[in-house]
Amino acid sequence: MTKFEQISSLARRSVLLGGGALVVSIGAGVTLETVLSIGQAYAQGAKPPLTPDQLSSYIAVNADGRIAAYFGKMDMGHGLHVAIGQIVAEELDVSFKSVRVYMADTATSVNQGGASGSTGIQLGGKQMRVAAAEARRVLFKMAAASLSAPVERLVVNDGVVSVADDPSKRVSYAQLIGGQYFNVQLAWNKEVGNALYAPGKAQPKKPSEHKIVGQPIKREDIAPKVFCQEDFVTDIKVPDMVHGRMIRPPVAGAVPVKVDDSTIKSIPGVKVIWNQGFLGVVADREWDAIQAAEALKVEWSAQTPPFPDQASLHDHIRKAPVRKRVVEQQNGDVDAAFKSAARVIEAEYEWPFQSHASMGPACSLVEIKDGDVTCWSGTQKSHFVQNGLADILQVPVEKVHVIFKPGPGSYGRNDADDCAMDAAVLAKSVGRPVRLQYMRNQGTGWDPKGPASIHIAKAGLNAAGEVIAYEFTSKAFSRVDVDTNGGKPQDTLTGQTLGVALKSGDGFGVPAESYAIANKRLAWETIPPLLDRASPLRTSHLRDPVGPQIHFASESFIDEVAAAVNVDPIEFRLRHIKEPRDIAIIKAAAEKANWDTRPSPRRDQTGNKVSGRGIAYAQRNGTRVAVIAEVDVDRSTGKIRARKFTVAHDCGQIINPDGLVKCVEGNIVQGVSRALWEEVTFDRNAVTSVDWITYPILDITETPGEVNVVLINYPEIPPSGAGEPSIRPVAAAIANAIFDATGVRIRRVPFSPERVKAAFS
């Protein structure tokens, strides 16, 4: 059994009672009648409603004294459950190993937003902390009544409360409430999702009192995953289950006008499900479903090719009408400052569409039985999928149970939610449970994409070379053409192929930094999607949504300005940054990397093989990160080797430094992949990057040889997110290092060998 559990067939009551009988009394005996009499106000045997204002929705004490923590978010690979377990154990004064975190099951947890915005600890952990603190307060009041002693005289050690000056008087949490439910109302703010907050009357511990929080506790779920002792979503099976496959059009936007199922009559047990643009097959055997999907003869509607030539993508963005413009920051008189500038520097940067390219395509299993819907999914947001399934199946939301099971990864809005919705429609159509798994080409070709963009930067300098004006504007496809979750059918391929009304959203972003420039304007503009319905180029969230491209451009440009005035890149940044925490991370990274203070580029290298270093920094929702990249460049081949990274990371209070370092390392590896290789390719009809050959990612031989992480801990500052911030500066740090090595500025991602060679020529 691992620390990380998801409940599938167990009810909350069975979890509470799963440890067996009440723990034998330690010290003075406490009868069941006494426990019940003192606990009536705080405990009950019947299950309270699963609502955000109930303490029992977050914390329970099992009959054997173990703690169950019900968490409405999930771990997508960082070991978040370990940190949440530490927070709960700390506040309850129990051992870490006595806490089990149950994640993202809609039958046992409330909607805390799922995996979203690096808020697992920042917001989700904040709620679990106040819930655990309130549970401790209530347990102390119950113990005070049981032991006939005031709360002020009580102490607790590993879930056993005793009288400080008479240790023989003691009672365990299990004896007080084990196997029952807390009957305590919280002060819920009436929000659901990330913003949910429901504190009790208790104040959490001061950081100076922490003994478990801050410790580098290791994950225990790695070995079970490696040795196939834990099910992934692809492993789930139920009786009478059939296998499904979806069929997508060869030209995006086309719909079936004729389906000839005589072409698959030789395949046993196959059924075709066709409704408007929705087309799929099911069969008793998975291989039969695969063969049927390939063999089924379909006549598709005539469709004008919806996409431009890929070579003209960024020109399309430049020329496209602006659907929405937002100026997020403006101070001073920017236009007047540019008119008075002695020198103006301008540059433009380009970023491609990128795919989630998860390790495997999505898989989901949906069973509809006696009016109840059960869905197993690798989604990042199970409570939103619950809402989406209720909507598309037209059933009450309380009839839908979504069980999170680890899938092939996500980091954003990948194809998991679409798969759950498709599986539900198939299951309803055939009246049997359907296990649907997409094919590789569908997982990479048809997942929602990270948006392509251009970024225009402009700086005005006075005669002394000081920056007096700065403007940065992004123009791009929206980050929320389809929303960040499958909570509404309109945001899924399923709903769009079934003809639901569309509602494309608008959103992008601006650089997150603290450069203090007197006249500064930061803005973004969004453009319409290339195809409004069921598009393989529909755009949504990809890890650190739009952060890497914005900061690739903004931090590359800061380096360009530093080079233009012949100043060291770090020295130039420190001249303009005013926030102390930002200054601290840049200095920490420079010190760890033994930064050589000098302007870029280097002037001391000849030949084809050269090296360089570059820095970039960014903020993200309270977190600050500085990244220094050291790269080797082969001029003859264009190959970039990002061999070493130094990362200084400040996310306030650190809950688990071991997990945090590994999280940063993972960000760096994925950031390198997105900077060096990843680009969705397409022709006029369809996406053509559909596998690891056509959509290459960083392979193990190309991963950095060294990633040094400097953690800056501020225990008195509430923790902010770590799941995404350190990917944000990676592309810019590499670009700046390439410039330092070669004197050539590359303003378009990815830095593929072909593109790098072309830049040199």
# chains A, B, ... in the order shown; residues from 1 in each chain; ligands from 1
$ residues_around --residues "range 385-387 of chain A" --least-positions-apart "5" --cutoff "9 Å" --atoms "only C-alpha atoms" --output "list in words"
Thr106, Cys375, Ser377, Thr379, Ile392, Pro396, Val397, Glu398, Val400, His401, Val402, Asp417, Ala420, Met421, Asn485, Gly486, Gly487 and Lys488 of chain A
$ select_by_dssp --residues "range 222-438 of chain A" --states "alpha helix (DSSP H)" --output "NGL selection string"
:A and (222-226 or 286-295 or 313-319 or 334-340 or 382-393 or 416-430)
$ residues_around --residues "Ile668 in chain A" --least-positions-apart "2" --cutoff "10 Å" --atoms "only C-alpha atoms" --output "ChimeraX atom specification"
/A:627,629,645-647,662-666,670-674,703-704,707,724,726-731
$ write_last_selection --atoms "C-alpha atoms" --output "CSV table (one decimal), in the first residue's frame"
chain,number,residue,atom,x,y,z
A,627,VAL,CA,17.5,30.3,-14.6
A,629,ALA,CA,21.6,28.0,-18.9
A,645,PHE,CA,21.3,24.7,-15.6
A,646,THR,CA,21.4,26.7,-12.4
A,647,VAL,CA,18.0,27.6,-10.9
A,662,LYS,CA,12.5,17.2,-8.4
A,663,CYS,CA,9.6,19.4,-9.6
A,664,VAL,CA,12.1,22.1,-10.7
A,665,GLU,CA,14.2,19.5,-12.5
A,666,GLY,CA,11.2,18.2,-14.4
A,670,GLN,CA,10.3,19.9,-20.4
A,671,GLY,CA,11.4,23.5,-20.9
A,672,VAL,CA,14.4,22.4,-22.9
A,673,SER,CA,12.3,20.1,-25.0
A,674,ARG,CA,9.8,22.8,-25.8
A,703,THR,CA,18.8,16.0,-21.2
A,704,PRO,CA,20.9,18.4,-19.3
A,707,VAL,CA,20.7,20.9,-12.9
A,724,GLU,CA,5.1,25.6,-13.4
A,726,SER,CA,10.6,27.2,-13.4
A,727,ILE,CA,9.6,26.2,-17.0
A,728,ARG,CA,8.8,29.9,-17.7
A,729,PRO,CA,12.4,31.3,-18.2
A,730,VAL,CA,14.0,28.3,-19.8
A,731,ALA,CA,13.6,29.1,-23.5
$ closest_atom_pairs --of "range 105-136 of chain A" --to "range 541-559 of chain A" --cutoff "10 Å" --atoms "only C-alpha atoms" --output "JSON lines"
{"residue": "A:Ser116", "atom": "CA", "partner": "A:Arg543", "partner_atom": "CA", "distance": 9.5}
{"residue": "A:Gly117", "atom": "CA", "partner": "A:Asp544", "partner_atom": "CA", "distance": 7.4}
{"residue": "A:Ser118", "atom": "CA", "partner": "A:Asp544", "partner_atom": "CA", "distance": 8.4}
$ residues_around --residues "Pro406 in chain A" --least-positions-apart "4" --cutoff "8 Å" --atoms "only C-alpha atoms" --output "ChimeraX atom specification"
/A:76,231-233,377-378
$ write_last_selection --atoms "N, CA, C and O atoms" --output "mmCIF file, in the first residue's frame"
data_model
loop_
_atom_site.group_PDB
_atom_site.id
_atom_site.type_symbol
_atom_site.label_atom_id
_atom_site.label_comp_id
_atom_site.auth_asym_id
_atom_site.auth_seq_id
_atom_site.Cartn_x
_atom_site.Cartn_y
_atom_site.Cartn_z
ATOM 1 N N MET A 76 -0.222 15.319 -10.607
ATOM 2 C CA MET A 76 0.079 14.958 -11.991
ATOM 3 C C MET A 76 1.548 14.605 -12.173
ATOM 4 O O MET A 76 2.082 14.670 -13.277
ATOM 5 N N ASP A 231 -2.538 0.474 -10.496
ATOM 6 C CA ASP A 231 -3.240 0.615 -11.766
ATOM 7 C C ASP A 231 -3.135 2.036 -12.306
ATOM 8 O O ASP A 231 -3.254 3.007 -11.567
ATOM 9 N N PHE A 232 -2.896 2.110 -13.613
ATOM 10 C CA PHE A 232 -3.104 3.347 -14.347
ATOM 11 C C PHE A 232 -4.514 3.289 -14.938
ATOM 12 O O PHE A 232 -5.178 2.255 -14.909
ATOM 13 N N VAL A 233 -4.953 4.396 -15.496
ATOM 14 C CA VAL A 233 -6.313 4.419 -16.040
ATOM 15 C C VAL A 233 -6.477 3.390 -17.152
ATOM 16 O O VAL A 233 -7.564 2.827 -17.345
ATOM 17 N N SER A 377 -10.883 8.237 -15.108
ATOM 18 C CA SER A 377 -10.214 9.151 -16.028
ATOM 19 C C SER A 377 -8.889 9.635 -15.459
ATOM 20 O O SER A 377 -8.726 9.743 -14.238
ATOM 21 N N GLY A 378 -7.961 9.949 -16.346
ATOM 22 C CA GLY A 378 -6.699 10.577 -15.963
ATOM 23 C C GLY A 378 -6.775 12.090 -16.012
ATOM 24 O O GLY A 378 -5.737 12.756 -16.070
#
$ residues_around --residues "Gln310 in chain A" --least-positions-apart "3" --cutoff "10 Å" --atoms "only C-alpha atoms" --output "number ranges by chain"
A: 307, 313-316, 352, 680-684
$ write_last_selection --atoms "C-alpha atoms" --output "PDB file, in the first residue's frame"
ATOM      1  CA  PHE A 307      -5.611  26.252 -42.369  1.00  0.00           C
ATOM      2  CA  LEU A 313       1.416  31.051 -39.796  1.00  0.00           C
ATOM      3  CA  HIS A 314       3.043  34.012 -38.090  1.00  0.00           C
ATOM      4  CA  ASP A 315       2.186  36.319 -40.975  1.00  0.00           C
ATOM      5  CA  HIS A 316      -1.410  35.182 -40.511  1.00  0.00           C
ATOM      6  CA  PRO A 352       4.636  27.856 -32.589  1.00  0.00           C
ATOM      7  CA  VAL A 680       3.098  21.291 -34.234  1.00  0.00           C
ATOM      8  CA  THR A 681       3.220  20.897 -38.006  1.00  0.00           C
ATOM      9  CA  PHE A 682       0.190  21.080 -40.283  1.00  0.00           C
ATOM     10  CA  ASP A 683      -0.846  21.424 -43.897  1.00  0.00           C
ATOM     11  CA  ARG A 684      -3.926  23.119 -45.298  1.00  0.00           C
TER      12      ARG A 684
END
$ closest_residue --among "A:Ala457, A:Ile655, A:Ala289, A:Leu711" --to "Ile84 in chain A" --atoms "only C-alpha atoms"
A:Ile655
$ select_by_dssp --residues "range 34-76 of chain A" --states "strand (DSSP E)" --output "ChimeraX atom specification"
/A:43-44,59-61,67-71
$ residues_around --residues "Phe338 in chain A" --least-positions-apart "5" --cutoff "10 Å" --atoms "only C-alpha atoms" --output "PyMOL selection string"
chain A and resi 333+343-344+458-462+468-471+519
$ write_last_selection --atoms "N, CA and C atoms" --output "compact mmCIF listing (two decimals), in the first residue's frame"
# COMPACT_ATOMS: atom_id res chain seq x y z
N ASP A 333 3.93 58.20 -19.52
CA ASP A 333 3.49 58.57 -20.87
C ASP A 333 4.39 57.86 -21.87
N ARG A 343 17.44 56.78 -28.74
CA ARG A 343 17.62 55.53 -29.48
C ARG A 343 16.45 54.61 -29.17
N VAL A 344 15.93 53.95 -30.20
CA VAL A 344 14.84 53.00 -30.02
C VAL A 344 15.29 51.64 -30.53
N LYS A 458 9.75 46.75 -27.59
CA LYS A 458 10.30 48.04 -28.00
C LYS A 458 10.82 48.76 -26.77
N ALA A 459 12.05 49.28 -26.85
CA ALA A 459 12.64 50.02 -25.74
C ALA A 459 13.20 51.34 -26.24
N GLY A 460 12.98 52.41 -25.47
CA GLY A 460 13.54 53.72 -25.78
C GLY A 460 14.63 54.08 -24.78
N LEU A 461 15.79 54.52 -25.28
CA LEU A 461 16.93 54.86 -24.44
C LEU A 461 17.23 56.35 -24.57
N ASN A 462 17.67 56.97 -23.49
CA ASN A 462 18.11 58.36 -23.57
C ASN A 462 19.58 58.41 -23.97
N ILE A 468 14.17 54.57 -20.87
CA ILE A 468 13.15 55.51 -20.41
C ILE A 468 11.75 55.12 -20.87
N ALA A 469 11.67 54.15 -21.79
CA ALA A 469 10.35 53.69 -22.27
C ALA A 469 10.45 52.22 -22.65
N TYR A 470 9.37 51.49 -22.37
CA TYR A 470 9.34 50.06 -22.70
C TYR A 470 7.90 49.67 -23.04
N GLU A 471 7.75 48.95 -24.15
CA GLU A 471 6.44 48.46 -24.57
C GLU A 471 6.58 47.02 -25.03
N ASN A 519 8.17 54.69 -17.96
CA ASN A 519 7.11 54.69 -18.97
C ASN A 519 7.02 53.28 -19.56
$ residues_around --residues "Pro256 in chain A" --least-positions-apart "5" --cutoff "7 Å" --atoms "only C-alpha atoms" --output "list in words"
Gly277, Val298, Glu299, Trp300 and Ser301 of chain A
$ write_last_selection --atoms "all heavy atoms" --output "PDB file, in the first residue's frame"
ATOM      1  N   GLY A 277     -21.352  15.014 -36.322  1.00  0.00           N
ATOM      2  CA  GLY A 277     -19.917  14.865 -36.559  1.00  0.00           C
ATOM      3  C   GLY A 277     -19.252  13.839 -35.665  1.00  0.00           C
ATOM      4  O   GLY A 277     -18.046  13.590 -35.784  1.00  0.00           O
ATOM      5  N   VAL A 298     -16.073   5.740 -44.875  1.00  0.00           N
ATOM      6  CA  VAL A 298     -16.810   6.951 -44.520  1.00  0.00           C
ATOM      7  C   VAL A 298     -16.691   7.954 -45.664  1.00  0.00           C
ATOM      8  O   VAL A 298     -15.604   8.202 -46.184  1.00  0.00           O
ATOM      9  CB  VAL A 298     -16.261   7.591 -43.230  1.00  0.00           C
ATOM     10  CG1 VAL A 298     -17.088   8.818 -42.852  1.00  0.00           C
ATOM     11  CG2 VAL A 298     -16.238   6.582 -42.088  1.00  0.00           C
ATOM     12  N   GLU A 299     -17.821   8.511 -46.046  1.00  0.00           N
ATOM     13  CA  GLU A 299     -17.808   9.627 -46.990  1.00  0.00           C
ATOM     14  C   GLU A 299     -17.953  10.911 -46.177  1.00  0.00           C
ATOM     15  O   GLU A 299     -18.888  11.068 -45.403  1.00  0.00           O
ATOM     16  CB  GLU A 299     -18.959   9.503 -47.988  1.00  0.00           C
ATOM     17  CG  GLU A 299     -19.002  10.625 -49.011  1.00  0.00           C
ATOM     18  CD  GLU A 299     -20.181  10.512 -49.960  1.00  0.00           C
ATOM     19  OE1 GLU A 299     -20.659   9.371 -50.178  1.00  0.00           O
ATOM     20  OE2 GLU A 299     -20.630  11.568 -50.462  1.00  0.00           O
ATOM     21  N   TRP A 300     -17.006  11.821 -46.364  1.00  0.00           N
ATOM     22  CA  TRP A 300     -16.960  13.043 -45.579  1.00  0.00           C
ATOM     23  C   TRP A 300     -17.492  14.221 -46.382  1.00  0.00           C
ATOM     24  O   TRP A 300     -17.389  14.251 -47.613  1.00  0.00           O
ATOM     25  CB  TRP A 300     -15.528  13.339 -45.129  1.00  0.00           C
ATOM     26  CG  TRP A 300     -14.953  12.265 -44.250  1.00  0.00           C
ATOM     27  CD1 TRP A 300     -14.232  11.181 -44.644  1.00  0.00           C
ATOM     28  CD2 TRP A 300     -15.096  12.154 -42.827  1.00  0.00           C
ATOM     29  NE1 TRP A 300     -13.896  10.405 -43.568  1.00  0.00           N
ATOM     30  CE2 TRP A 300     -14.404  10.979 -42.431  1.00  0.00           C
ATOM     31  CE3 TRP A 300     -15.717  12.936 -41.852  1.00  0.00           C
ATOM     32  CZ2 TRP A 300     -14.334  10.573 -41.110  1.00  0.00           C
ATOM     33  CZ3 TRP A 300     -15.641  12.529 -40.526  1.00  0.00           C
ATOM     34  CH2 TRP A 300     -14.964  11.362 -40.158  1.00  0.00           C
ATOM     35  N   SER A 301     -18.027  15.202 -45.697  1.00  0.00           N
ATOM     36  CA  SER A 301     -18.539  16.405 -46.357  1.00  0.00           C
ATOM     37  C   SER A 301     -17.396  17.181 -47.000  1.00  0.00           C
ATOM     38  O   SER A 301     -16.242  17.101 -46.572  1.00  0.00           O
ATOM     39  CB  SER A 301     -19.250  17.295 -45.330  1.00  0.00           C
ATOM     40  OG  SER A 301     -18.330  17.758 -44.356  1.00  0.00           O
TER      41      SER A 301
END
$ atom_distance --atom1 "CA of Lys258 in chain A" --atom2 "CA of Pro433 in chain A"
26.8 Å
$ closest_residue --among "A:Pro239, A:Pro529, A:Pro250, A:Pro268" --to "Pro308 in chain A" --atoms "only C-alpha atoms"
A:Pro529
$ atom_distance --atom1 "CA of Thr234 in chain A" --atom2 "CA of Gly407 in chain A"
7.3 Å
$ atom_distance --atom1 "CA of Val151 in chain A" --atom2 "CA of Ala198 in chain A"
23.8 Å
$ closest_residue --among "A:Ala534, A:Ala452, A:Ile654, A:Val251" --to "Thr688 in chain A" --atoms "only C-alpha atoms"
A:Val251
$ closest_residue --among "A:Arg748, A:His81, A:Lys644, A:Arg575" --to "Val669 in chain A" --atoms "only C-alpha atoms"
A:Lys644
$ closest_residue --among "A:Pro696, A:Pro489, A:Gly193, A:Pro207" --to "Ala357 in chain A" --atoms "only C-alpha atoms"
A:Pro696
$ closest_residue --among "A:Arg573, A:Arg613, A:His383, A:Lys126" --to "Gln653 in chain A" --atoms "only C-alpha atoms"
A:Lys126
